[in-house]
file start_7.cif (mmCIF, C-alpha atoms)
data_my_file
loop_
_atom_site.group_PDB
_atom_site.id
_atom_site.type_symbol
_atom_site.label_atom_id
_atom_site.label_comp_id
_atom_site.auth_asym_id
_atom_site.auth_seq_id
_atom_site.Cartn_x
_atom_site.Cartn_y
_atom_site.Cartn_z
ATOM 1 C CA MET A 1 8.012 0.843 12.600
ATOM 2 C CA LEU A 2 4.371 0.750 13.724
ATOM 3 C CA LEU A 3 3.483 3.584 11.342
ATOM 4 C CA LEU A 4 5.303 1.828 8.503
ATOM 5 C CA THR A 5 3.466 -1.409 9.246
ATOM 6 C CA PHE A 6 0.104 0.379 9.191
ATOM 7 C CA ALA A 7 1.017 2.042 5.889
ATOM 8 C CA MET A 8 1.899 -1.342 4.394
ATOM 9 C CA ILE A 9 -1.416 -2.830 5.559
ATOM 10 C CA VAL A 10 -3.332 -0.010 3.865
ATOM 11 C CA ALA A 11 -1.170 -0.236 0.735
ATOM 12 C CA ALA A 12 -1.739 -4.003 0.551
ATOM 13 C CA TYR A 13 -5.509 -3.515 0.684
ATOM 14 C CA LEU A 14 -5.407 -0.879 -2.067
ATOM 15 C CA ILE A 15 -3.183 -3.049 -4.271
ATOM 16 C CA GLY A 16 -5.508 -5.991 -3.668
ATOM 17 C CA SER A 17 -8.466 -3.821 -4.672
ATOM 18 C CA ILE A 18 -7.138 -3.487 -8.230
ATOM 19 C CA SER A 19 -9.157 -6.188 -9.993
ATOM 20 C CA SER A 20 -7.137 -7.440 -12.949
ATOM 21 C CA ALA A 21 -10.032 -9.652 -14.081
ATOM 22 C CA ILE A 22 -12.481 -6.765 -14.328
ATOM 23 C CA LEU A 23 -9.986 -4.361 -15.907
ATOM 24 C CA ILE A 24 -8.639 -6.817 -18.492
ATOM 25 C CA CYS A 25 -12.130 -7.968 -19.469
ATOM 26 C CA LYS A 26 -13.158 -4.328 -19.889
ATOM 27 C CA MET A 27 -10.076 -3.571 -22.008
ATOM 28 C CA LEU A 28 -10.772 -6.566 -24.269
ATOM 29 C CA GLY A 29 -14.490 -5.887 -24.591
ATOM 30 C CA LEU A 30 -15.402 -9.044 -22.677
ATOM 31 C CA PRO A 31 -18.349 -9.359 -20.271
ATOM 32 C CA ASP A 32 -17.835 -8.270 -16.677
ATOM 33 C CA PRO A 33 -16.783 -11.525 -14.940
ATOM 34 C CA ARG A 34 -19.034 -10.568 -12.012
ATOM 35 C CA THR A 35 -22.089 -10.892 -14.261
ATOM 36 C CA THR A 36 -21.363 -14.131 -16.114
ATOM 37 C CA GLY A 37 -20.198 -17.686 -15.467
ATOM 38 C CA SER A 38 -19.552 -18.181 -11.764
ATOM 39 C CA HIS A 39 -19.804 -14.392 -11.214
ATOM 40 C CA ASN A 40 -16.335 -14.517 -9.661
ATOM 41 C CA PRO A 41 -13.749 -12.001 -10.953
ATOM 42 C CA GLY A 42 -10.869 -14.440 -11.032
ATOM 43 C CA ALA A 43 -8.731 -16.372 -13.508
ATOM 44 C CA THR A 44 -10.945 -19.478 -13.623
ATOM 45 C CA ASN A 45 -14.046 -17.508 -14.560
ATOM 46 C CA VAL A 46 -12.110 -15.379 -17.061
ATOM 47 C CA LEU A 47 -11.020 -18.623 -18.731
ATOM 48 C CA ARG A 48 -14.684 -19.541 -19.156
ATOM 49 C CA ILE A 49 -15.377 -16.367 -21.137
ATOM 50 C CA SER A 50 -12.071 -15.890 -22.973
ATOM 51 C CA ASN A 51 -8.910 -17.966 -23.454
ATOM 52 C CA LYS A 52 -5.907 -19.379 -21.612
ATOM 53 C CA PHE A 53 -3.644 -16.406 -22.321
ATOM 54 C CA THR A 54 -6.121 -13.889 -20.899
ATOM 55 C CA ALA A 55 -6.848 -16.072 -17.879
ATOM 56 C CA GLY A 56 -3.119 -16.647 -17.353
ATOM 57 C CA THR A 57 -2.518 -12.899 -17.375
ATOM 58 C CA VAL A 58 -5.221 -12.412 -14.746
ATOM 59 C CA LEU A 59 -3.743 -15.223 -12.652
ATOM 60 C CA PHE A 60 -0.241 -13.729 -12.834
ATOM 61 C CA LEU A 61 -1.435 -10.248 -11.830
ATOM 62 C CA ASP A 62 -3.585 -11.619 -8.992
ATOM 63 C CA ILE A 63 -0.570 -13.505 -7.628
ATOM 64 C CA LEU A 64 1.514 -10.325 -7.821
ATOM 65 C CA LYS A 65 -1.070 -8.487 -5.718
ATOM 66 C CA GLY A 66 -0.173 -10.762 -2.834
ATOM 67 C CA THR A 67 3.546 -11.088 -3.485
ATOM 68 C CA VAL A 68 4.459 -7.415 -3.904
ATOM 69 C CA PRO A 69 3.191 -6.048 -0.555
ATOM 70 C CA VAL A 70 4.308 -9.070 1.503
ATOM 71 C CA TRP A 71 7.746 -9.260 -0.072
ATOM 72 C CA SER A 72 8.171 -5.499 0.311
ATOM 73 C CA ALA A 73 7.223 -5.744 3.987
ATOM 74 C CA TYR A 74 9.633 -8.660 4.426
ATOM 75 C CA PHE A 75 12.544 -6.590 3.107
ATOM 76 C CA LEU A 76 11.450 -3.743 5.385
ATOM 77 C CA GLN A 77 11.957 -6.225 8.258
ATOM 78 C CA ILE A 78 8.350 -6.132 9.437
ATOM 79 C CA GLU A 79 7.551 -8.839 12.006
ATOM 80 C CA PRO A 80 6.185 -12.200 10.712
ATOM 81 C CA LEU A 81 2.803 -11.775 12.427
ATOM 82 C CA PHE A 82 2.289 -8.446 10.661
ATOM 83 C CA LEU A 83 3.395 -10.001 7.389
ATOM 84 C CA GLY A 84 0.375 -12.271 7.808
ATOM 85 C CA ILE A 85 -1.883 -9.278 8.424
ATOM 86 C CA ILE A 86 -0.489 -7.574 5.313
ATOM 87 C CA GLY A 87 -1.183 -10.720 3.282
ATOM 88 C CA VAL A 88 -4.713 -10.889 4.661
ATOM 89 C CA SER A 89 -5.181 -7.208 3.822
ATOM 90 C CA ALA A 90 -4.203 -7.840 0.181
ATOM 91 C CA CYS A 91 -6.691 -10.729 0.037
ATOM 92 C CA LEU A 92 -9.422 -8.590 1.601
ATOM 93 C CA GLY A 93 -8.762 -6.013 -1.085
ATOM 94 C CA HIS A 94 -9.288 -8.676 -3.746
ATOM 95 C CA MET A 95 -12.441 -9.933 -2.035
ATOM 96 C CA TYR A 96 -13.920 -6.525 -1.246
ATOM 97 C CA PRO A 97 -12.267 -4.044 -3.653
ATOM 98 C CA VAL A 98 -12.868 -0.416 -2.752
ATOM 99 C CA PHE A 99 -12.548 0.514 -6.454
ATOM 100 C CA PHE A 100 -15.268 -1.910 -7.618
ATOM 101 C CA ASN A 101 -18.137 -1.506 -5.165
ATOM 102 C CA PHE A 102 -16.631 -4.132 -2.815
ATOM 103 C CA ARG A 103 -17.592 -6.946 -5.218
ATOM 104 C CA GLY A 104 -14.524 -9.126 -5.641
ATOM 105 C CA GLY A 105 -13.318 -12.679 -5.904
ATOM 106 C CA LYS A 106 -12.142 -15.520 -3.697
ATOM 107 C CA ALA A 107 -8.466 -14.390 -3.491
ATOM 108 C CA VAL A 108 -6.940 -17.850 -3.889
ATOM 109 C CA ALA A 109 -4.280 -16.604 -6.324
ATOM 110 C CA THR A 110 -3.602 -13.537 -4.177
ATOM 111 C CA ALA A 111 -3.162 -15.754 -1.113
ATOM 112 C CA LEU A 112 -0.730 -17.915 -3.084
ATOM 113 C CA GLY A 113 1.178 -14.771 -3.994
ATOM 114 C CA ALA A 114 1.265 -13.678 -0.367
ATOM 115 C CA LEU A 115 2.795 -17.032 0.609
ATOM 116 C CA LEU A 116 5.383 -17.180 -2.185
ATOM 117 C CA PRO A 117 7.951 -15.063 -0.280
ATOM 118 C CA ILE A 118 8.198 -17.968 2.181
ATOM 119 C CA GLY A 119 9.776 -19.981 -0.610
ATOM 120 C CA LEU A 120 9.286 -21.332 -4.109
ATOM 121 C CA GLY A 121 9.093 -24.842 -2.637
ATOM 122 C CA LEU A 122 5.896 -23.866 -0.857
ATOM 123 C CA GLY A 123 4.493 -22.422 -4.061
ATOM 124 C CA ALA A 124 5.293 -25.632 -5.925
ATOM 125 C CA LEU A 125 3.609 -27.768 -3.249
ATOM 126 C CA MET A 126 0.480 -25.616 -3.304
ATOM 127 C CA ILE A 127 0.250 -25.639 -7.087
ATOM 128 C CA MET A 128 0.711 -29.420 -7.208
ATOM 129 C CA THR A 129 -1.964 -29.853 -4.543
ATOM 130 C CA TRP A 130 -4.442 -27.657 -6.421
ATOM 131 C CA VAL A 131 -3.812 -29.354 -9.762
ATOM 132 C CA GLY A 132 -3.971 -32.830 -8.221
ATOM 133 C CA VAL A 133 -7.282 -32.248 -6.430
ATOM 134 C CA ALA A 134 -8.769 -30.388 -9.397
ATOM 135 C CA LYS A 135 -7.883 -33.172 -11.828
ATOM 136 C CA LEU A 136 -9.155 -35.851 -9.450
ATOM 137 C CA THR A 137 -12.451 -34.207 -8.464
ATOM 138 C CA LYS A 138 -13.033 -31.587 -11.222
ATOM 139 C CA TYR A 139 -14.002 -29.075 -8.497
ATOM 140 C CA SER A 140 -11.992 -25.839 -8.573
ATOM 141 C CA SER A 141 -13.419 -24.718 -5.233
ATOM 142 C CA LEU A 142 -12.575 -28.005 -3.507
ATOM 143 C CA ALA A 143 -9.041 -27.825 -4.900
ATOM 144 C CA ALA A 144 -8.674 -24.325 -3.429
ATOM 145 C CA ILE A 145 -10.068 -25.375 -0.044
ATOM 146 C CA VAL A 146 -7.797 -28.424 0.204
ATOM 147 C CA THR A 147 -4.768 -26.427 -0.926
ATOM 148 C CA VAL A 148 -5.154 -23.630 1.635
ATOM 149 C CA SER A 149 -5.968 -26.204 4.313
ATOM 150 C CA MET A 150 -2.680 -27.972 3.602
ATOM 151 C CA ALA A 151 -0.670 -24.737 3.399
ATOM 152 C CA PRO A 152 -0.061 -24.403 7.192
ATOM 153 C CA LEU A 153 1.294 -27.967 7.280
ATOM 154 C CA TYR A 154 3.602 -27.279 4.339
ATOM 155 C CA VAL A 155 4.833 -24.092 6.018
ATOM 156 C CA PHE A 156 5.377 -25.946 9.305
ATOM 157 C CA LEU A 157 7.622 -28.408 7.480
ATOM 158 C CA LEU A 158 9.483 -25.725 5.531
ATOM 159 C CA LYS A 159 9.604 -22.554 7.690
ATOM 160 C CA PRO A 160 7.713 -22.936 11.018
ATOM 161 C CA LEU A 161 8.185 -19.236 11.820
ATOM 162 C CA TYR A 162 5.431 -18.381 9.345
ATOM 163 C CA VAL A 163 2.794 -20.898 10.451
ATOM 164 C CA TYR A 164 0.581 -18.338 12.209
ATOM 165 C CA PRO A 165 0.509 -15.870 9.291
ATOM 166 C CA THR A 166 -0.318 -18.796 6.996
ATOM 167 C CA LEU A 167 -3.152 -19.917 9.297
ATOM 168 C CA MET A 168 -4.598 -16.406 9.072
ATOM 169 C CA LEU A 169 -4.630 -16.528 5.279
ATOM 170 C CA SER A 170 -5.988 -20.068 5.140
ATOM 171 C CA THR A 171 -8.838 -19.274 7.526
ATOM 172 C CA LEU A 172 -9.822 -16.236 5.471
ATOM 173 C CA ILE A 173 -9.850 -18.146 2.171
ATOM 174 C CA ILE A 174 -11.856 -21.042 3.620
ATOM 175 C CA PHE A 175 -14.379 -18.583 5.080
ATOM 176 C CA ARG A 176 -14.724 -16.935 1.656
ATOM 177 C CA HIS A 177 -15.584 -20.357 0.212
ATOM 178 C CA LYS A 178 -18.413 -21.016 2.690
ATOM 179 C CA ASP A 179 -21.069 -20.955 -0.052
ATOM 180 C CA ASN A 180 -18.997 -23.347 -2.154
ATOM 181 C CA ILE A 181 -18.687 -25.685 0.833
ATOM 182 C CA VAL A 182 -22.471 -25.751 1.199
ATOM 183 C CA ARG A 183 -22.897 -26.522 -2.509
ATOM 184 C CA LEU A 184 -20.233 -29.240 -2.349
ATOM 185 C CA LEU A 185 -22.059 -30.899 0.542
ATOM 186 C CA LYS A 186 -25.346 -30.678 -1.377
ATOM 187 C CA GLY A 187 -23.766 -31.941 -4.592
ATOM 188 C CA THR A 188 -24.760 -28.807 -6.513
ATOM 189 C CA GLU A 189 -21.321 -27.249 -7.006
ATOM 190 C CA HIS A 190 -20.319 -26.710 -10.644
ATOM 191 C CA LYS A 191 -17.442 -28.827 -11.907
ATOM 192 C CA ILE A 192 -14.542 -27.642 -14.021
ATOM 193 C CA SER A 193 -14.943 -28.329 -17.707
ATOM 194 C CA THR A 194 -12.426 -31.056 -18.560
ATOM 195 C CA LYS A 195 -12.472 -29.988 -22.186
ATOM 196 C CA ILE A 196 -11.472 -26.418 -21.396
ATOM 197 C CA HIS A 197 -9.149 -26.818 -18.438
ATOM 198 C CA PHE A 198 -7.320 -30.100 -18.742
ATOM 199 C CA ASN A 199 -6.870 -30.680 -22.440
ATOM 200 C CA LYS A 200 -3.286 -31.236 -23.596
#

call {"tool": "encode", "arguments": {"input": "start_7.cif", "output": "structure tokens"}}
result
Amino acid sequence: MLLLTFAMIVAAYLIGSISSAILICKMLGLPDPRTTGSHNPGATNVLRISNKFTAGTVLFLDILKGTVPVWSAYFLQIEPLFLGIIGVSACLGHMYPVFFNFRGGKAVATALGALLPIGLGLGALMIMTWVGVAKLTKYSSLAAIVTVSMAPLYVFLLKPLYVYPTLMLSTLIIFRHKDNIVRLLKGTEHKISTKIHFNK
């Protein structure tokens, strides 16, 4: 079981290292998301340089990068603590992809995907939290920080067994947003464009 767990950790990192944002932008002849906008290869930045369908595709694939390895490990009956490590490994792959010179994104969508096997109710709560904070403040980064900060509480209320793995993921995502936190405190963080993101 230990060998299988190690193999799943490595596999999760490699899956996480497949940057859908970079690959899709390259396929469509769009700029490298690491060189334009927020310089973050994620769905929000892809939306800035393309359209909702392209960004939605990136978002879906980034979520899958977290869901597939964690759900697979769950069905292989790997212990909850190691499920957390596998989820963190997938996020680390997204943040520091071995296939793209270790220049990746913030892994918010991948973290969401890693937590989805806990239950769709958790996913719904996290999505509602992100949308609520984003609409209220117009800060994508703040919405992500608040959402992952609330995730351990949601998990405690829904399935306490997975609180520690969730804390691991939340800590990693918050750490990855350290520069955003500094800019938020200074008032220099870029806001989401209401026209692009919240039009009906």

call {"tool": "residues_around", "arguments": {"input": "start_7.cif", "residues": "segment 19-28 of chain A", "least_positions_apart": "2", "cutoff": "8 Å", "atoms": "all atoms listed in the file", "output": "VMD selection string"}}
result
chain A and resid 16 to 17 30 to 34 41 to 43 46 54 58 61 to 62 94 97 100 104

call {"tool": "closest_residue", "arguments": {"input": "start_7.cif", "among": "A:Ile145, A:Asn40, A:Val133, A:Leu169", "to": "Gly66 of chain A", "atoms": "only C-alpha atoms"}}
result
A:Leu169

call {"tool": "atom_distance", "arguments": {"input": "start_7.cif", "atom1": "atom CA of Ala12 of chain A", "atom2": "atom CA of Lys106 of chain A"}}
result
16.1 Å

call {"tool": "closest_residue", "arguments": {"input": "start_7.cif", "among": "A:Ile192, A:Ile174, A:Met8, A:Val146", "to": "Phe75 of chain A", "atoms": "only C-alpha atoms"}}
result
A:Met8

call {"tool": "resolve_selection", "arguments": {"input": "start_7.cif", "expression": "the PyMOL selection byres ((chain A and resi 13) around 10)", "output": "PDB file with C-alpha atoms, in the frame of the given file"}}
result
ATOM      1  CA  MET A   8       1.899  -1.342   4.394  1.00  0.00           C
ATOM      2  CA  ILE A   9      -1.416  -2.830   5.559  1.00  0.00           C
ATOM      3  CA  VAL A  10      -3.332  -0.010   3.865  1.00  0.00           C
ATOM      4  CA  ALA A  11      -1.170  -0.236   0.735  1.00  0.00           C
ATOM      5  CA  ALA A  12      -1.739  -4.003   0.551  1.00  0.00           C
ATOM      6  CA  LEU A  14      -5.407  -0.879  -2.067  1.00  0.00           C
ATOM      7  CA  ILE A  15      -3.183  -3.049  -4.271  1.00  0.00           C
ATOM      8  CA  GLY A  16      -5.508  -5.991  -3.668  1.00  0.00           C
ATOM      9  CA  SER A  17      -8.466  -3.821  -4.672  1.00  0.00           C
ATOM     10  CA  ILE A  18      -7.138  -3.487  -8.230  1.00  0.00           C
ATOM     11  CA  LYS A  65      -1.070  -8.487  -5.718  1.00  0.00           C
ATOM     12  CA  GLY A  66      -0.173 -10.762  -2.834  1.00  0.00           C
ATOM     13  CA  PRO A  69       3.191  -6.048  -0.555  1.00  0.00           C
ATOM     14  CA  ILE A  86      -0.489  -7.574   5.313  1.00  0.00           C
ATOM     15  CA  GLY A  87      -1.183 -10.720   3.282  1.00  0.00           C
ATOM     16  CA  VAL A  88      -4.713 -10.889   4.661  1.00  0.00           C
ATOM     17  CA  SER A  89      -5.181  -7.208   3.822  1.00  0.00           C
ATOM     18  CA  ALA A  90      -4.203  -7.840   0.181  1.00  0.00           C
ATOM     19  CA  CYS A  91      -6.691 -10.729   0.037  1.00  0.00           C
ATOM     20  CA  LEU A  92      -9.422  -8.590   1.601  1.00  0.00           C
ATOM     21  CA  GLY A  93      -8.762  -6.013  -1.085  1.00  0.00           C
ATOM     22  CA  HIS A  94      -9.288  -8.676  -3.746  1.00  0.00           C
ATOM     23  CA  MET A  95     -12.441  -9.933  -2.035  1.00  0.00           C
ATOM     24  CA  TYR A  96     -13.920  -6.525  -1.246  1.00  0.00           C
ATOM     25  CA  PRO A  97     -12.267  -4.044  -3.653  1.00  0.00           C
ATOM     26  CA  VAL A  98     -12.868  -0.416  -2.752  1.00  0.00           C
TER      27      VAL A  98
END

call {"tool": "closest_residue", "arguments": {"input": "start_7.cif", "among": "A:Leu3, A:Ala111, A:Val131, A:Ile78", "to": "Ile63 of chain A", "atoms": "only C-alpha atoms"}}
result
A:Ala111

call {"tool": "resolve_selection", "arguments": {"input": "start_7.cif", "expression": "the PyMOL selection byres ((chain A and resi 152) around 10)", "output": "list in words"}}
result
Thr147, Val148, Ser149, Met150, Ala151, Leu153, Tyr154, Val155, Phe156, Leu157, Leu158, Lys159, Pro160, Tyr162, Val163, Tyr164, Pro165, Thr166, Leu167, Met168, Leu169 and Ser170 of chain A

call {"tool": "atom_distance", "arguments": {"input": "start_7.cif", "atom1": "atom CA of Leu81 of chain A", "atom2": "atom CA of Ser140 of chain A"}}
result
29.3 Å

call {"tool": "atom_distance", "arguments": {"input": "start_7.cif", "atom1": "atom CA of His177 of chain A", "atom2": "atom CA of Ala144 of chain A"}}
result
8.8 Å

call {"tool": "resolve_selection", "arguments": {"input": "start_7.cif", "expression": "the PyMOL selection byres ((chain A and resi 114) around 7)", "output": "list in words"}}
result
Gly66, Thr67, Val70, Gly87, Thr110, Ala111, Leu112, Gly113, Leu115, Leu116 and Pro117 of chain A

call {"tool": "closest_residue", "arguments": {"input": "start_7.cif", "among": "A:Thr44, A:Leu83, A:Ala73, A:Leu122", "to": "Val108 of chain A", "atoms": "only C-alpha atoms"}}
result
A:Thr44

call {"tool": "axis_aligned_box", "arguments": {"input": "start_7.cif", "around": "segment 69-88 of chain A", "padding_each_side": "5 Å", "output": "lines of an AutoDock Vina configuration file"}}
result
center_x = 3.9
center_y = -8.0
center_z = 5.9
size_x = 27.3
size_y = 18.5
size_z = 23.0

call {"tool": "closest_atom_pairs", "arguments": {"input": "start_7.cif", "of": "segment 135-161 of chain A", "to": "segment 184-187 of chain A", "cutoff": "10 Å", "atoms": "all atoms listed in the file", "output": "tab-separated table"}}
result
residue	atom	partner	partner_atom	distance
A:Tyr139	CA	A:Leu184	CA	8.8
A:Ser141	CA	A:Leu184	CA	8.7
A:Leu142	CA	A:Leu184	CA	7.8
